[in-house]
>>> print(open('start22.cif').read())   # mmCIF, C-alpha atoms
data_data
#
loop_
_atom_site.label_atom_id
_atom_site.label_comp_id
_atom_site.auth_asym_id
_atom_site.auth_seq_id
_atom_site.Cartn_x
_atom_site.Cartn_y
_atom_site.Cartn_z
CA MET A 7 -29.43 -95.29 53.77
CA SER A 8 -33.22 -95.10 53.93
CA ASP A 9 -35.08 -91.80 54.08
CA ARG A 10 -36.15 -92.66 57.62
CA ALA A 11 -32.59 -93.32 58.73
CA ALA A 12 -31.41 -90.07 57.12
CA PHE A 13 -34.23 -88.21 58.84
CA ASP A 14 -33.35 -89.73 62.24
CA GLY A 15 -29.65 -88.96 61.79
CA ALA A 16 -30.32 -85.35 60.88
CA PHE A 17 -32.71 -84.92 63.78
CA ASP A 18 -30.16 -86.43 66.21
CA ARG A 19 -27.33 -84.15 65.05
CA VAL A 20 -29.36 -80.98 65.41
CA THR A 21 -30.91 -82.11 68.71
CA GLU A 22 -27.45 -82.79 70.15
CA ALA A 23 -26.31 -79.29 69.16
CA VAL A 24 -29.39 -77.74 70.83
CA GLU A 25 -29.10 -79.83 74.00
CA SER A 26 -25.37 -79.21 74.38
CA GLY A 27 -25.96 -75.46 74.58
CA SER A 28 -23.28 -74.88 71.96
CA GLY A 29 -25.19 -71.93 70.57
CA LEU A 30 -26.93 -70.96 67.38
CA PRO A 31 -23.84 -71.20 65.09
CA GLU A 32 -23.31 -74.84 66.04
CA VAL A 33 -27.02 -75.61 65.56
CA VAL A 34 -26.90 -74.04 62.09
CA ARG A 35 -23.76 -75.99 61.17
CA ALA A 36 -25.44 -79.23 62.29
CA ALA A 37 -28.54 -78.38 60.27
CA GLY A 38 -26.36 -77.59 57.24
CA LYS A 39 -24.75 -81.01 57.43
CA ALA A 40 -28.11 -82.68 57.91
CA LEU A 41 -29.59 -80.91 54.88
CA GLU A 42 -26.38 -81.03 52.82
CA ALA A 43 -26.91 -77.31 52.34
CA SER A 44 -25.31 -73.92 52.93
CA LEU A 45 -27.29 -71.91 55.46
CA ALA A 46 -27.38 -68.36 56.79
CA VAL A 47 -29.65 -67.15 59.58
CA CYS A 48 -30.64 -63.51 60.00
CA ASP A 49 -32.78 -61.95 62.69
CA ALA A 50 -36.07 -60.20 61.97
CA TRP A 51 -34.23 -56.95 61.17
CA GLY A 52 -31.72 -58.42 58.75
CA ALA A 53 -28.68 -58.79 61.03
CA THR A 54 -26.68 -61.98 60.35
CA LEU A 55 -26.70 -64.34 63.34
CA ALA A 56 -25.01 -67.48 62.00
CA VAL A 57 -23.62 -68.90 58.74
CA ALA A 58 -22.75 -72.41 57.63
CA ALA A 59 -21.22 -72.03 54.16
CA ARG A 60 -18.47 -73.79 52.25
CA SER A 61 -16.68 -70.58 51.26
CA PRO A 62 -16.81 -66.78 51.61
CA ALA A 63 -18.27 -66.61 48.10
CA GLU A 64 -21.03 -69.01 49.13
CA GLU A 65 -21.72 -66.89 52.22
CA ARG A 66 -22.02 -63.77 50.07
CA ALA A 67 -24.40 -65.57 47.73
CA LEU A 68 -26.58 -66.64 50.65
CA LEU A 69 -26.78 -63.18 52.21
CA SER A 70 -27.43 -61.49 48.87
CA GLN A 71 -30.05 -64.14 48.03
CA GLY A 72 -28.28 -65.16 44.86
CA GLU A 73 -29.20 -67.83 42.34
CA GLY A 74 -30.60 -71.01 43.87
CA VAL A 75 -31.02 -69.50 47.34
CA SER A 76 -34.40 -69.93 49.02
CA SER A 77 -35.39 -67.71 51.94
CA ILE A 78 -37.66 -69.19 54.60
CA PRO A 79 -39.29 -67.13 57.39
CA LEU A 80 -38.44 -68.41 60.86
CA ARG A 81 -41.61 -68.32 62.94
CA VAL A 82 -42.41 -68.98 66.57
CA ALA A 83 -46.20 -69.13 66.76
CA ASP A 84 -47.32 -66.20 64.59
CA VAL A 85 -44.19 -64.11 65.14
CA VAL A 86 -41.42 -63.92 62.54
CA VAL A 87 -38.14 -64.06 64.50
CA GLY A 88 -35.81 -64.25 61.53
CA THR A 89 -35.06 -65.67 58.09
CA LEU A 90 -33.22 -68.80 56.97
CA HIS A 91 -31.37 -68.47 53.64
CA MET A 92 -30.57 -71.89 52.15
CA ARG A 93 -28.89 -73.31 49.07
CA SER A 94 -29.01 -77.10 48.94
CA LYS A 95 -27.14 -79.62 46.80
CA THR A 96 -29.92 -82.21 47.02
CA GLU A 97 -33.67 -82.20 47.31
CA VAL A 98 -34.73 -81.86 50.94
CA SER A 99 -37.92 -83.53 52.09
CA ALA A 100 -40.64 -81.15 53.23
CA SER A 101 -40.95 -82.86 56.62
CA MET A 102 -37.21 -82.68 57.34
CA ARG A 103 -36.99 -79.06 56.27
CA ARG A 104 -40.02 -78.10 58.36
CA LEU A 105 -38.60 -79.79 61.44
CA LEU A 106 -35.15 -78.23 61.16
CA VAL A 107 -36.55 -74.80 60.38
CA THR A 108 -38.72 -75.02 63.48
CA MET A 109 -35.74 -76.01 65.64
CA ILE A 110 -33.61 -73.17 64.26
CA ALA A 111 -36.46 -70.69 64.85
CA SER A 112 -36.74 -71.85 68.47
CA GLU A 113 -33.00 -71.41 68.95
CA VAL A 114 -33.13 -67.90 67.47
CA GLU A 115 -35.96 -67.08 69.84
CA ARG A 116 -33.96 -68.37 72.81
CA VAL A 117 -30.82 -66.47 71.81
CA ARG A 118 -32.76 -63.24 71.30
CA ALA A 119 -34.73 -63.44 74.58
CA PRO A 120 -32.37 -61.36 76.79
CA GLU A 121 -32.00 -58.71 74.07
CA ARG A 122 -35.78 -58.49 73.70
CA LEU A 123 -36.17 -58.02 77.44
CA SER A 124 -33.74 -55.11 77.23
CA GLU A 125 -35.65 -53.66 74.24
CA THR A 126 -38.92 -54.01 76.17
CA ALA A 127 -37.47 -52.21 79.18
CA ALA A 128 -36.11 -49.41 76.98
CA ALA A 129 -39.50 -49.07 75.26
CA GLY A 130 -41.23 -48.83 78.63
CA PHE A 131 -38.85 -46.15 79.88
CA LEU A 132 -38.93 -44.02 76.73
CA GLY A 133 -42.68 -44.54 76.33
CA GLY A 134 -43.21 -43.11 79.80
CA LEU A 135 -41.24 -39.99 78.83
CA LEU A 136 -43.27 -39.65 75.63
CA ARG A 137 -46.54 -39.93 77.55
CA ARG A 138 -45.27 -37.51 80.21
CA GLU A 139 -46.17 -39.98 82.92
CA PRO A 140 -45.45 -38.37 86.29
CA ALA A 141 -42.41 -39.72 88.12
CA GLU A 142 -40.16 -38.63 90.94
CA ARG A 143 -36.54 -37.82 90.16
CA GLU A 144 -35.23 -40.75 92.16
CA GLU A 145 -37.70 -43.08 90.46
CA LEU A 146 -36.46 -41.98 87.04
CA ILE A 147 -32.83 -42.37 88.05
CA ALA A 148 -33.50 -45.84 89.48
CA SER A 149 -35.36 -46.93 86.33
CA ALA A 150 -32.49 -45.65 84.20
CA ARG A 151 -29.95 -47.57 86.30
CA GLY A 152 -31.88 -50.74 85.49
CA LEU A 153 -31.00 -50.01 81.85
CA SER A 154 -27.34 -49.30 82.72
CA LEU A 155 -27.96 -45.57 82.21
CA ASP A 156 -26.51 -42.81 84.36
CA LEU A 157 -28.67 -39.70 84.12
CA GLN A 158 -26.90 -37.74 86.83
CA ASP A 159 -24.92 -35.73 84.27
CA GLY A 160 -27.84 -35.25 81.90
CA ALA A 161 -29.03 -36.70 78.61
CA SER A 162 -30.55 -35.68 75.28
CA ILE A 163 -33.28 -37.12 73.07
CA ILE A 164 -33.09 -37.84 69.35
CA VAL A 165 -36.15 -38.55 67.20
CA ALA A 166 -35.36 -40.42 64.00
CA ARG A 167 -38.05 -40.98 61.35
CA ALA A 168 -37.86 -43.23 58.31
CA HIS A 169 -40.45 -43.49 55.55
CA PRO A 170 -40.18 -46.28 52.93
CA GLN A 171 -40.79 -45.10 49.39
CA ALA A 172 -41.96 -48.54 48.25
CA PRO A 173 -43.57 -51.61 49.85
CA THR A 174 -41.10 -53.32 52.16
CA ASP A 175 -40.73 -56.58 54.04
CA GLU A 176 -42.27 -57.63 57.32
CA GLY A 177 -40.47 -56.36 60.41
CA TRP A 178 -38.97 -53.30 58.74
CA ARG A 179 -39.88 -50.97 61.62
CA GLY A 180 -37.84 -53.10 63.99
CA ARG A 181 -34.94 -52.90 61.56
CA VAL A 182 -35.21 -49.09 61.54
CA ARG A 183 -35.01 -49.11 65.35
CA ALA A 184 -31.97 -51.40 65.34
CA VAL A 185 -30.15 -49.34 62.70
CA ALA A 186 -30.84 -46.04 64.50
CA GLU A 187 -29.68 -47.49 67.82
CA ARG A 188 -26.51 -48.81 66.21
CA GLY A 189 -25.70 -45.33 64.94
CA ALA A 190 -26.18 -43.67 68.34
CA ARG A 191 -24.20 -46.35 70.15
CA ALA A 192 -21.28 -45.86 67.79
CA VAL A 193 -20.79 -42.48 69.50
CA VAL A 194 -22.30 -43.02 72.98
CA SER A 195 -22.31 -46.72 73.80
CA ARG A 196 -25.02 -46.57 76.49
CA SER A 197 -27.66 -45.01 74.21
CA ILE A 198 -31.04 -46.75 74.10
CA ALA A 199 -33.79 -46.73 71.47
CA ALA A 200 -37.44 -47.68 71.07
CA LEU A 201 -40.17 -47.30 68.48
CA SER A 202 -42.56 -44.60 69.60
CA GLU A 203 -45.64 -46.68 68.58
CA ARG A 204 -47.87 -43.60 68.56
CA ASP A 205 -51.27 -43.77 66.89
CA GLY A 206 -51.32 -42.19 63.46
CA THR A 207 -47.55 -42.26 63.00
CA ALA A 208 -46.71 -42.93 59.36
CA GLY A 209 -43.46 -44.71 58.66
CA ALA A 210 -41.29 -45.58 61.64
CA GLU A 211 -40.42 -43.17 64.42
CA VAL A 212 -37.62 -44.04 66.83
CA LEU A 213 -36.93 -42.35 70.17
CA LEU A 214 -33.30 -42.45 71.29
CA LEU A 215 -31.89 -41.39 74.63
CA VAL A 216 -28.23 -40.38 74.57
CA PRO A 217 -26.77 -40.09 78.09
CA GLY A 218 -24.23 -37.38 78.88
CA ALA A 219 -24.02 -33.62 79.15
CA GLU A 220 -21.72 -32.98 76.18
CA GLU A 221 -23.54 -31.18 73.39
CA PRO A 222 -20.92 -32.10 70.74
CA ALA A 223 -21.31 -35.80 71.55
CA ALA A 224 -25.09 -35.55 71.24
CA ALA A 225 -24.70 -33.80 67.86
CA ARG A 226 -22.29 -36.49 66.64
CA ALA A 227 -24.71 -39.18 67.78
CA ALA A 228 -27.52 -37.63 65.70
CA GLU A 229 -25.24 -37.41 62.68
CA ALA A 230 -24.18 -41.04 63.16
CA VAL A 231 -27.83 -42.11 63.32
CA LEU A 232 -28.51 -40.45 59.97
CA ARG A 233 -25.38 -41.93 58.37
CA GLU A 234 -26.25 -45.41 59.58
CA MET A 235 -29.83 -45.13 58.35
CA GLU A 236 -28.74 -43.84 54.94
CA ALA A 237 -26.27 -46.72 54.63
CA GLY A 238 -28.52 -49.47 55.96
CA LEU A 239 -31.97 -48.46 54.73
CA GLN A 240 -32.03 -47.98 50.99
CA GLY A 241 -35.16 -46.43 49.46
CA TYR A 242 -36.23 -44.51 52.58
CA THR A 243 -36.49 -40.83 53.43
CA PHE A 244 -35.35 -39.60 56.82
CA ALA A 245 -35.86 -36.79 59.32
CA ILE A 246 -33.76 -36.41 62.47
CA GLY A 247 -34.48 -34.03 65.35
CA ARG A 248 -32.41 -33.49 68.49
CA SER A 249 -33.25 -31.87 71.82
CA ARG A 250 -31.15 -29.74 74.11
CA ILE A 251 -29.34 -31.45 76.96
CA ALA A 252 -31.71 -32.22 79.85
CA GLU A 253 -29.54 -31.69 82.92
CA ASP A 254 -32.33 -32.78 85.26
CA PRO A 255 -33.98 -36.18 84.61
CA LEU A 256 -37.35 -34.52 85.17
CA ASP A 257 -36.67 -32.42 82.04
CA LEU A 258 -36.46 -35.47 79.77
CA SER A 259 -40.14 -35.27 78.82
CA ARG A 260 -39.52 -31.68 77.75
CA ALA A 261 -36.56 -32.94 75.73
CA VAL A 262 -38.82 -35.46 73.96
CA SER A 263 -41.11 -32.59 72.91
CA GLU A 264 -38.14 -30.60 71.65
CA ALA A 265 -36.81 -33.50 69.59
CA LEU A 266 -40.26 -34.19 68.12
CA LEU A 267 -40.61 -30.54 67.14
CA ALA A 268 -37.16 -30.50 65.56
CA ALA A 269 -38.02 -33.66 63.61
CA ASN A 270 -41.25 -32.01 62.41
CA VAL A 271 -39.36 -28.98 61.16
CA ALA A 272 -36.65 -31.14 59.59
CA GLN A 273 -39.27 -33.24 57.84
CA GLY A 274 -40.94 -30.17 56.43
CA GLY A 275 -37.65 -28.78 55.14
CA PRO A 276 -35.36 -29.69 52.26
CA GLY A 277 -33.69 -32.55 54.16
CA GLY A 278 -30.03 -33.02 54.90
CA GLN A 279 -28.42 -32.88 58.30
CA PRO A 280 -30.14 -33.55 61.63
CA LEU A 281 -31.86 -30.50 63.09
CA ALA A 282 -31.23 -29.41 66.67
CA PHE A 283 -33.97 -27.73 68.69
CA GLU A 284 -31.86 -24.57 68.90
CA GLN A 285 -31.96 -24.37 65.09
CA THR A 286 -35.75 -24.30 64.83
CA GLY A 287 -35.98 -20.52 65.13
CA ALA A 288 -39.49 -19.17 65.70
CA TYR A 289 -40.83 -22.70 66.14
CA ARG A 290 -39.31 -22.66 69.63
CA LEU A 291 -41.78 -19.96 70.65
CA LEU A 292 -44.70 -21.98 69.29
CA LEU A 293 -43.63 -25.04 71.30
CA SER A 294 -44.42 -23.10 74.48
CA ALA A 295 -47.79 -22.17 73.04
CA MET A 296 -48.41 -25.82 72.22
CA SER A 297 -47.61 -26.85 75.79
CA GLU A 298 -49.64 -24.12 77.47
CA ASN A 299 -52.60 -23.65 75.12
CA PRO A 300 -52.80 -26.09 72.21
CA ALA A 301 -56.39 -25.11 71.46
CA GLU A 302 -55.32 -21.53 70.75
CA LEU A 303 -52.58 -22.72 68.41
CA GLN A 304 -55.13 -24.91 66.65
CA ARG A 305 -57.46 -21.92 66.26
CA PHE A 306 -54.66 -19.86 64.71
CA TYR A 307 -53.94 -22.64 62.24
CA SER A 308 -57.66 -22.91 61.42
CA GLU A 309 -57.87 -19.16 60.79
CA THR A 310 -54.89 -19.07 58.43
CA VAL A 311 -53.81 -22.07 56.36
CA GLU A 312 -56.33 -24.81 57.17
CA PRO A 313 -58.60 -23.77 54.25
CA LEU A 314 -55.62 -24.15 51.91
CA VAL A 315 -54.83 -27.64 53.25
CA ALA A 316 -58.47 -28.66 52.80
CA TYR A 317 -58.59 -27.23 49.27
CA ASP A 318 -55.40 -29.07 48.25
CA GLU A 319 -56.75 -32.32 49.64
CA GLN A 320 -60.10 -31.95 47.89
CA TYR A 321 -58.89 -30.77 44.49
CA GLU A 322 -55.32 -32.15 44.45
CA THR A 323 -53.90 -28.68 43.94
CA ASP A 324 -50.58 -27.25 45.12
CA LEU A 325 -51.49 -24.10 47.03
CA MET A 326 -49.57 -25.01 50.19
CA ARG A 327 -46.32 -25.82 48.42
CA THR A 328 -46.67 -22.66 46.34
CA LEU A 329 -47.22 -20.58 49.49
CA GLU A 330 -44.26 -22.13 51.30
CA THR A 331 -41.99 -21.61 48.30
CA PHE A 332 -43.21 -18.01 47.87
CA LEU A 333 -42.39 -17.22 51.50
CA GLU A 334 -38.99 -18.90 51.21
CA ALA A 335 -38.32 -16.76 48.12
CA ASP A 336 -39.00 -13.60 50.18
CA GLY A 337 -42.21 -12.88 48.29
CA ASN A 338 -40.59 -12.95 44.86
CA VAL A 339 -42.98 -14.37 42.26
CA ALA A 340 -40.31 -14.89 39.60
CA GLY A 341 -38.13 -16.74 42.10
CA THR A 342 -41.09 -18.88 43.18
CA ALA A 343 -41.92 -19.79 39.57
CA GLN A 344 -38.29 -20.72 38.92
CA ARG A 345 -38.11 -22.98 42.00
CA LEU A 346 -41.38 -24.71 41.14
CA PHE A 347 -40.66 -24.88 37.37
CA THR A 348 -44.00 -23.16 36.84
CA HIS A 349 -45.08 -20.11 34.81
CA ARG A 350 -45.42 -16.84 36.74
CA HIS A 351 -49.07 -16.50 35.71
CA THR A 352 -49.76 -19.85 37.45
CA ILE A 353 -48.09 -18.56 40.62
CA TYR A 354 -50.18 -15.37 40.52
CA TYR A 355 -53.34 -17.43 40.09
CA ARG A 356 -52.49 -19.71 43.02
CA LEU A 357 -51.63 -16.79 45.30
CA GLU A 358 -54.97 -15.21 44.45
CA ARG A 359 -56.65 -18.47 45.47
CA VAL A 360 -54.68 -18.29 48.73
CA ARG A 361 -56.09 -14.81 49.34
CA GLU A 362 -59.66 -15.88 48.54
CA LEU A 363 -59.54 -18.94 50.79
CA SER A 364 -57.63 -17.52 53.75
CA GLY A 365 -58.65 -13.87 53.61
CA LEU A 366 -54.96 -12.96 53.84
CA ASP A 367 -53.13 -11.06 51.12
CA VAL A 368 -49.58 -12.27 50.44
CA SER A 369 -48.73 -8.86 48.98
CA SER A 370 -48.99 -7.31 52.46
CA SER A 371 -46.41 -7.83 55.21
CA ASP A 372 -49.19 -8.57 57.73
CA GLY A 373 -50.69 -11.23 55.47
CA ARG A 374 -47.34 -12.88 54.83
CA GLU A 375 -46.52 -12.87 58.55
CA LYS A 376 -49.80 -14.50 59.53
CA LEU A 377 -49.56 -17.12 56.79
CA SER A 378 -45.97 -17.88 57.80
CA LEU A 379 -47.02 -18.37 61.42
CA GLY A 380 -49.93 -20.50 60.23
CA LEU A 381 -47.51 -22.80 58.41
CA LYS A 382 -45.33 -23.02 61.52
CA SER A 383 -48.37 -23.78 63.67
CA MET A 384 -49.29 -26.60 61.31
CA ARG A 385 -45.87 -28.18 61.74
CA VAL A 386 -45.88 -27.81 65.52
CA LEU A 387 -49.34 -29.37 65.66
CA GLY A 388 -48.10 -32.17 63.41
CA ILE A 389 -50.66 -31.72 60.64
CA SER A 390 -49.76 -32.91 57.16
CA SER A 391 -50.51 -31.11 53.92
CA ALA A 392 -51.54 -32.87 50.72
CA GLY A 393 -48.55 -33.43 48.50
CA GLY A 394 -46.21 -32.28 51.21
CA PRO A 395 -44.20 -34.02 53.92
CA ALA A 396 -46.11 -36.24 56.31
CA LEU A 397 -45.77 -34.27 59.52
CA GLU A 398 -47.81 -36.74 61.48
CA ALA A 399 -46.11 -36.23 64.84
CA GLY A 400 -46.98 -33.21 66.89
CA ALA A 401 -44.60 -31.69 69.40
CA GLU A 402 -46.55 -33.27 72.21
CA GLY A 403 -46.95 -36.58 70.43
CA GLY A 404 -50.31 -36.37 68.71
CA ARG A 405 -51.88 -35.13 65.53
CA VAL A 406 -54.66 -32.57 65.83
CA PRO A 407 -57.66 -33.56 63.72
CA ARG A 408 -58.96 -30.86 61.40
CA GLY A 409 -61.55 -28.67 63.02
CA SER A 410 -60.88 -29.85 66.55
CA GLY A 411 -59.36 -27.82 69.32
CA ARG A 412 -57.53 -30.65 70.98
CA ARG A 413 -54.85 -33.22 70.39
CA SER A 414 -55.86 -36.74 69.51
#
>>> encode(input="start22.cif", output="structure tokens")
Amino acid sequence: MSDRAAFDGAFDRVTEAVESGSGLPEVVRAAGKALEASLAVCDAWGATLAVAARSPAEERALLSQGEGVSSIPLRVADVVVGTLHMRSKTEVSASMRRLLVTMIASEVERVRAPERLSETAAAGFLGGLLRREPAEREELIASARGLSLDLQDGASIIVARAHPQAPTDEGWRGRVRAVAERGARAVVSRSIAALSERDGTAGAEVLLLVPGAEEPAAARAAEAVLREMEAGLQGYTFAIGRSRIAEDPLDLSRAVSEALLAANVAQGGPGGQPLAFEQTGAYRLLLSAMSENPAELQRFYSETVEPLVAYDEQYETDLMRTLETFLEADGNVAGTAQRLFTHRHTIYYRLERVRELSGLDVSSSDGREKLSLGLKSMRVLGISSAGGPALEAGAEGGRVPRGSGRRS
């Protein structure tokens, strides 16, 4: 058979599968026969959509990108909609491969269209809550019904953050959203998720709405989100914050602020389990201050620990981490040195620098109290410290630039 005849036959088989509406798996099987290859198609976030392989072992080799497997991005215009993993017995002409890859990409795009519409609607709804856009109760309830959500009994908000520790592939933020949503839906099936897409947000930040008034279910959903992210996102760090139940739909924007604050505190801590708003202690008081008078909170931060943050950034020192550890050790220098694996004389020197820069003496209860509140203010405002956790998300959804009295 001539190359032209082989090309025409392959094109006809795949075209028939597309036109028959048999679905993506049949299209992939037809393409596999046409290319004399084993194929696996994944969406942009790594979920397997269809496989045409000769055996389970071959399927595993495709999905693990084993020996002889080539991975080809599936593009529609400039958008990557998925990946085609292929292992071929024979050499495939560039023109045939390009044509079949394009047809598979178009089919993936078609299959994913309804799901993307749902994702877009969820992003619009959650984005409105994040931006505190005014809405009437009935308007919120009606919008939620369009997403198959019933808010009459209440709902809670979870904020899930993921930070890759190494360069990662294109579309990873979407994969974080999908993984977090899968975790929440394992507990409460009607949960929805969206990337927050806020300016200045490092890593990926996902907002999740969990319908229902049962606090234990909301807590299990947050735990399931973390488990799913730990299992599905290797090489990332995570922070999970959860709000109280919002019994009135109009309180959902308040719940977003609570979840963001809890995520900030969780991200600044040692890690581990998701943090509920009720577990944030004194931070809860500062959230009210942030809502009512953010400029005053910014001024307090500026008058306490901002000089330390600036010094660490300029000279790559460790004053902030030393101060935090000292306060956590109840003002015990020996305990601080042990935790930081540093000599006590170094700790004394750093604490003296803290006093010189801030004007507050850590040896006095008043100085320690003000510095502790300054650290809490920094987290509520969402300001990061050099060498420390990237607390880029403020309780109200924006980082406060140094020296300003307003949110960005």
>>> residues_around(input="start22.cif", residues="stretch 330-342 of chain A", least_positions_apart="4", cutoff="8 Å", atoms="all atoms listed in the file", output="compact mmCIF listing (two decimals) with C-alpha atoms, keeping the file's coordinate frame")
# COMPACT_ATOMS: atom_id res chain seq x y z
CA MET A 326 -49.57 -25.01 50.19
CA LEU A 346 -41.38 -24.71 41.14
CA ARG A 350 -45.42 -16.84 36.74
CA ILE A 353 -48.09 -18.56 40.62
CA TYR A 354 -50.18 -15.37 40.52
CA VAL A 368 -49.58 -12.27 50.44
CA SER A 369 -48.73 -8.86 48.98
CA ARG A 374 -47.34 -12.88 54.83
CA SER A 378 -45.97 -17.88 57.80
CA LEU A 381 -47.51 -22.80 58.41
>>> residues_around(input="start22.cif", residues="stretch 283-300 of chain A", least_positions_apart="6", cutoff="6 Å", atoms="only C-alpha atoms", output="PyMOL selection string")
chain A and resi 248-249+264+268
>>> resolve_selection(input="start22.cif", expression="the PyMOL selection byres ((chain A and resi 174-182) around 8)", output="list in words")
Ala50, Trp51, Gly52, Val86, Ala168, Pro170, Ala172, Pro173, Arg183, Ala184, Val185, Ala186, Leu201, Gly209, Ala210, Val212, Met235 and Leu239 of chain A
>>> atom_distance(input="start22.cif", atom1="atom CA of A:Leu325", atom2="atom CA of A:Glu358")
9.9 Å
>>> residues_around(input="start22.cif", residues="A:Ala148", least_positions_apart="6", cutoff="12 Å", atoms="only C-alpha atoms", output="VMD selection string")
chain A and resid 131 141 to 142 154 to 158 255
>>> atom_distance(input="start22.cif", atom1="atom CA of A:Gly218", atom2="atom CA of A:Ala161")
4.9 Å
>>> closest_residue(input="start22.cif", among="A:Thr310, A:Glu253, A:Ser195, A:Ala208", to="A:Asp159", atoms="all atoms listed in the file")
A:Glu253
>>> atom_distance(input="start22.cif", atom1="atom CA of A:Ile246", atom2="atom CA of A:Leu232")
7.1 Å
>>> residues_around(input="start22.cif", residues="A:Arg250", least_positions_apart="3", cutoff="10 Å", atoms="all atoms listed in the file", output="ChimeraX atom specification")
/A:161-164,219,221,224-225,253,258,260-262,264-265,282-284
>>> resolve_selection(input="start22.cif", expression="the PyMOL selection byres ((chain A and resi 74) around 10)", output="PyMOL selection string")
chain A and resi 67-68+71-73+75-77+92-95
>>> resolve_selection(input="start22.cif", expression="the PyMOL selection byres ((chain A and resi 230) around 12)", output="PyMOL selection string")
chain A and resi 164+166+185-194+223-229+231-238+246+279-280
>>> write_last_selection(input="start22.cif", atoms="C-alpha atoms", output="PDB file, keeping the file's coordinate frame")
ATOM      1  CA  ILE A 164     -33.090 -37.840  69.350  1.00  0.00           C
ATOM      2  CA  ALA A 166     -35.360 -40.420  64.000  1.00  0.00           C
ATOM      3  CA  VAL A 185     -30.150 -49.340  62.700  1.00  0.00           C
ATOM      4  CA  ALA A 186     -30.840 -46.040  64.500  1.00  0.00           C
ATOM      5  CA  GLU A 187     -29.680 -47.490  67.820  1.00  0.00           C
ATOM      6  CA  ARG A 188     -26.510 -48.810  66.210  1.00  0.00           C
ATOM      7  CA  GLY A 189     -25.700 -45.330  64.940  1.00  0.00           C
ATOM      8  CA  ALA A 190     -26.180 -43.670  68.340  1.00  0.00           C
ATOM      9  CA  ARG A 191     -24.200 -46.350  70.150  1.00  0.00           C
ATOM     10  CA  ALA A 192     -21.280 -45.860  67.790  1.00  0.00           C
ATOM     11  CA  VAL A 193     -20.790 -42.480  69.500  1.00  0.00           C
ATOM     12  CA  VAL A 194     -22.300 -43.020  72.980  1.00  0.00           C
ATOM     13  CA  ALA A 223     -21.310 -35.800  71.550  1.00  0.00           C
ATOM     14  CA  ALA A 224     -25.090 -35.550  71.240  1.00  0.00           C
ATOM     15  CA  ALA A 225     -24.700 -33.800  67.860  1.00  0.00           C
ATOM     16  CA  ARG A 226     -22.290 -36.490  66.640  1.00  0.00           C
ATOM     17  CA  ALA A 227     -24.710 -39.180  67.780  1.00  0.00           C
ATOM     18  CA  ALA A 228     -27.520 -37.630  65.700  1.00  0.00           C
ATOM     19  CA  GLU A 229     -25.240 -37.410  62.680  1.00  0.00           C
ATOM     20  CA  VAL A 231     -27.830 -42.110  63.320  1.00  0.00           C
ATOM     21  CA  LEU A 232     -28.510 -40.450  59.970  1.00  0.00           C
ATOM     22  CA  ARG A 233     -25.380 -41.930  58.370  1.00  0.00           C
ATOM     23  CA  GLU A 234     -26.250 -45.410  59.580  1.00  0.00           C
ATOM     24  CA  MET A 235     -29.830 -45.130  58.350  1.00  0.00           C
ATOM     25  CA  GLU A 236     -28.740 -43.840  54.940  1.00  0.00           C
ATOM     26  CA  ALA A 237     -26.270 -46.720  54.630  1.00  0.00           C
ATOM     27  CA  GLY A 238     -28.520 -49.470  55.960  1.00  0.00           C
ATOM     28  CA  ILE A 246     -33.760 -36.410  62.470  1.00  0.00           C
ATOM     29  CA  GLN A 279     -28.420 -32.880  58.300  1.00  0.00           C
ATOM     30  CA  PRO A 280     -30.140 -33.550  61.630  1.00  0.00           C
TER      31      PRO A 280
END
>>> residues_near_point(input="start22.cif", point="(-49.9, -11.1, 56.0)", cutoff="12 Å", atoms="all atoms listed in the file", output="number ranges by chain")
A: 310-311, 329, 333, 337, 360-361, 364-380
>>> residues_around(input="start22.cif", residues="A:Tyr317", least_positions_apart="2", cutoff="12 Å", atoms="all atoms listed in the file", output="JSON, numbers by chain")
{"A": [311, 312, 313, 314, 315, 319, 320, 321, 322, 323, 324, 325, 326, 356, 359, 360, 362, 363, 364, 391, 392, 393]}
>>> axis_aligned_box(input="start22.cif", around="stretch 254-260 of chain A", padding_each_side="6 Å", output="JSON")
{"center_x": -36.2, "center_y": -33.9, "center_z": 81.5, "size_x": 19.8, "size_y": 16.5, "size_z": 19.5}
>>> closest_residue(input="start22.cif", among="A:Ile198, A:Leu69, A:Ala245, A:Val57", to="A:His169", atoms="all atoms listed in the file")
A:Ala245
>>> closest_residue(input="start22.cif", among="A:Phe306, A:Met384, A:Ser149, A:Val117", to="A:Leu135", atoms="all atoms listed in the file")
A:Ser149
>>> decode(input="start22.cif", residues="stretch 68-72 of chain A", atoms="N, CA and C atoms", output="mmCIF file, in the first residue's frame")
data_model
loop_
_atom_site.group_PDB
_atom_site.id
_atom_site.type_symbol
_atom_site.label_atom_id
_atom_site.label_comp_id
_atom_site.auth_asym_id
_atom_site.auth_seq_id
_atom_site.Cartn_x
_atom_site.Cartn_y
_atom_site.Cartn_z
ATOM 1 N N LEU A 68 2.703 3.637 29.078
ATOM 2 C CA LEU A 68 2.300 4.898 28.450
ATOM 3 C C LEU A 68 2.118 5.987 29.505
ATOM 4 N N LEU A 69 1.350 5.673 30.549
ATOM 5 C CA LEU A 69 1.002 6.687 31.540
ATOM 6 C C LEU A 69 2.182 7.077 32.418
ATOM 7 N N SER A 70 3.159 6.186 32.532
ATOM 8 C CA SER A 70 4.370 6.520 33.300
ATOM 9 C C SER A 70 5.474 7.056 32.400
ATOM 10 N N GLN A 71 5.154 7.212 31.104
ATOM 11 C CA GLN A 71 6.101 7.717 30.113
ATOM 12 C C GLN A 71 7.392 6.903 30.127
ATOM 13 N N GLY A 72 7.189 5.584 29.951
ATOM 14 C CA GLY A 72 8.321 4.666 29.961
ATOM 15 C C GLY A 72 9.148 4.733 28.692
#
